[in-house]
Amino acid sequence: MSPDQIHSEVTNNEVVLFMKGTPVFPQCGFSARVVSMLENVGIKYITYDVLADAELRENIKTYSDWPTIPQLYMNGEFVGGSDIIADMYESGELKKLDF
């Protein structure tokens with residue numbers, strides 16, 4: 001996936017998670033953790049598996065200027081990775097979001 005395609009996906013969808021694996025079969029603990037938190041608060045989201053697309057895996061890191069996966073985008077904005085989402089979840093901030 002090219003940077004233009006990434007931009008299109010994050011701006012045309014409310015919540016997008018770039019992760020390793022799929023929500024049903026995450027391929028890393030950090031991705032599984034973010035999926036679990038989103039599911040627990042009832043946020044609807046779409047995902048892209050960076051392990052299935054080497055171009056996406058590299059381009060998403062450049063696009064966000066963030067070196068790790070998973071990466072969560074809401075309303076076209078980069079929110080963060082696993083630790084940031086966990087902080088939002090634990091503080092109750094994630095649950096307050098209306099998606």
# chains A, B, ... in the order shown; residues from 1 in each chain; ligands from 1
>>> residues_around(residues="Val10 in chain A", least_positions_apart="5", cutoff="9 Å", atoms="only C-alpha atoms", output="NGL selection string")
:A and (5 or 15-16 or 73-78)
>>> write_last_selection(atoms="C-alpha atoms", output="PDB file, in the first residue's frame")
ATOM      1  CA  GLN A   5      -3.447   4.807  -0.318  1.00  0.00           C
ATOM      2  CA  VAL A  15     -11.023   4.209  12.934  1.00  0.00           C
ATOM      3  CA  VAL A  16      -8.199   2.275  11.267  1.00  0.00           C
ATOM      4  CA  TYR A  73      -5.782   6.256  13.493  1.00  0.00           C
ATOM      5  CA  MET A  74      -9.026   8.012  14.405  1.00  0.00           C
ATOM      6  CA  ASN A  75     -10.692  10.621  12.202  1.00  0.00           C
ATOM      7  CA  GLY A  76      -7.613  10.806  10.000  1.00  0.00           C
ATOM      8  CA  GLU A  77      -5.235  11.445  12.893  1.00  0.00           C
ATOM      9  CA  PHE A  78      -2.532   9.164  14.242  1.00  0.00           C
TER      10      PHE A  78
END
>>> select_by_dssp(residues="range 28-83 of chain A", states="strand (DSSP E or B)", output="VMD selection string")
chain A and resid 46 to 49 71 to 74 77 to 80
>>> write_last_selection(atoms="N, CA, C and O atoms", output="short mmCIF file (atom, residue, chain, number, x, y, z; two decimals), in the first residue's frame")
data_model
loop_
_atom_site.label_atom_id
_atom_site.label_comp_id
_atom_site.auth_asym_id
_atom_site.auth_seq_id
_atom_site.Cartn_x
_atom_site.Cartn_y
_atom_site.Cartn_z
N ILE A 46 -11.62 -0.76 11.24
CA ILE A 46 -11.13 -1.65 10.20
C ILE A 46 -9.65 -1.88 10.44
O ILE A 46 -9.00 -1.07 11.12
N THR A 47 -9.13 -2.97 9.90
CA THR A 47 -7.72 -3.28 10.11
C THR A 47 -7.01 -3.57 8.80
O THR A 47 -7.64 -3.94 7.80
N TYR A 48 -5.72 -3.41 8.84
CA TYR A 48 -4.83 -3.82 7.76
C TYR A 48 -3.68 -4.59 8.38
O TYR A 48 -3.08 -4.15 9.36
N ASP A 49 -3.40 -5.75 7.80
CA ASP A 49 -2.34 -6.63 8.27
C ASP A 49 -1.03 -6.24 7.58
O ASP A 49 -0.85 -6.47 6.39
N GLN A 71 -0.50 0.55 14.90
CA GLN A 71 -0.74 1.99 14.84
C GLN A 71 -2.23 2.21 14.67
O GLN A 71 -2.85 1.61 13.80
N LEU A 72 -2.78 3.10 15.50
CA LEU A 72 -4.21 3.39 15.45
C LEU A 72 -4.43 4.82 14.96
O LEU A 72 -3.77 5.75 15.44
N TYR A 73 -5.38 4.96 14.04
CA TYR A 73 -5.78 6.26 13.49
C TYR A 73 -7.27 6.45 13.76
O TYR A 73 -8.06 5.53 13.58
N MET A 74 -7.62 7.66 14.19
CA MET A 74 -9.03 8.01 14.40
C MET A 74 -9.29 9.35 13.74
O MET A 74 -8.54 10.31 13.96
N GLU A 77 -6.38 11.06 12.07
CA GLU A 77 -5.24 11.44 12.89
C GLU A 77 -4.58 10.22 13.53
O GLU A 77 -5.27 9.32 14.03
N PHE A 78 -3.27 10.23 13.56
CA PHE A 78 -2.53 9.16 14.24
C PHE A 78 -2.71 9.33 15.74
O PHE A 78 -2.46 10.40 16.29
N VAL A 79 -3.20 8.28 16.39
CA VAL A 79 -3.42 8.32 17.84
C VAL A 79 -2.20 7.78 18.57
O VAL A 79 -1.73 8.36 19.53
N GLY A 80 -1.70 6.64 18.13
CA GLY A 80 -0.53 6.07 18.77
C GLY A 80 -0.46 4.57 18.62
O GLY A 80 -1.22 3.96 17.88
#
>>> closest_residue(among="A:Pro23, A:Met37, A:Ala32, A:Gly42", to="Asp87 in chain A", atoms="only C-alpha atoms")
A:Met37
>>> residues_around(residues="Ala86 in chain A", least_positions_apart="3", cutoff="8 Å", atoms="only C-alpha atoms", output="PyMOL selection string")
chain A and resi 34+37+82-83+89-90
>>> closest_residue(among="A:Ser91, A:Ser36, A:Thr68, A:Ser2", to="Lys20 in chain A", atoms="only C-alpha atoms")
A:Thr68
>>> atom_distance(atom1="CA of Asp4 in chain A", atom2="CA of Tyr45 in chain A")
20.0 Å
>>> closest_residue(among="A:Val35, A:Ile84, A:Met1, A:Lys95", to="Asn59 in chain A", atoms="only C-alpha atoms")
A:Met1
>>> atom_distance(atom1="CA of Ile69 in chain A", atom2="CA of Ser31 in chain A")
7.4 Å
>>> closest_residue(among="A:Leu38, A:Ile85, A:Ile6, A:Leu94", to="Leu56 in chain A", atoms="only C-alpha atoms")
A:Ile6
>>> atom_distance(atom1="CA of Lys96 in chain A", atom2="CA of Val41 in chain A")
8.7 Å
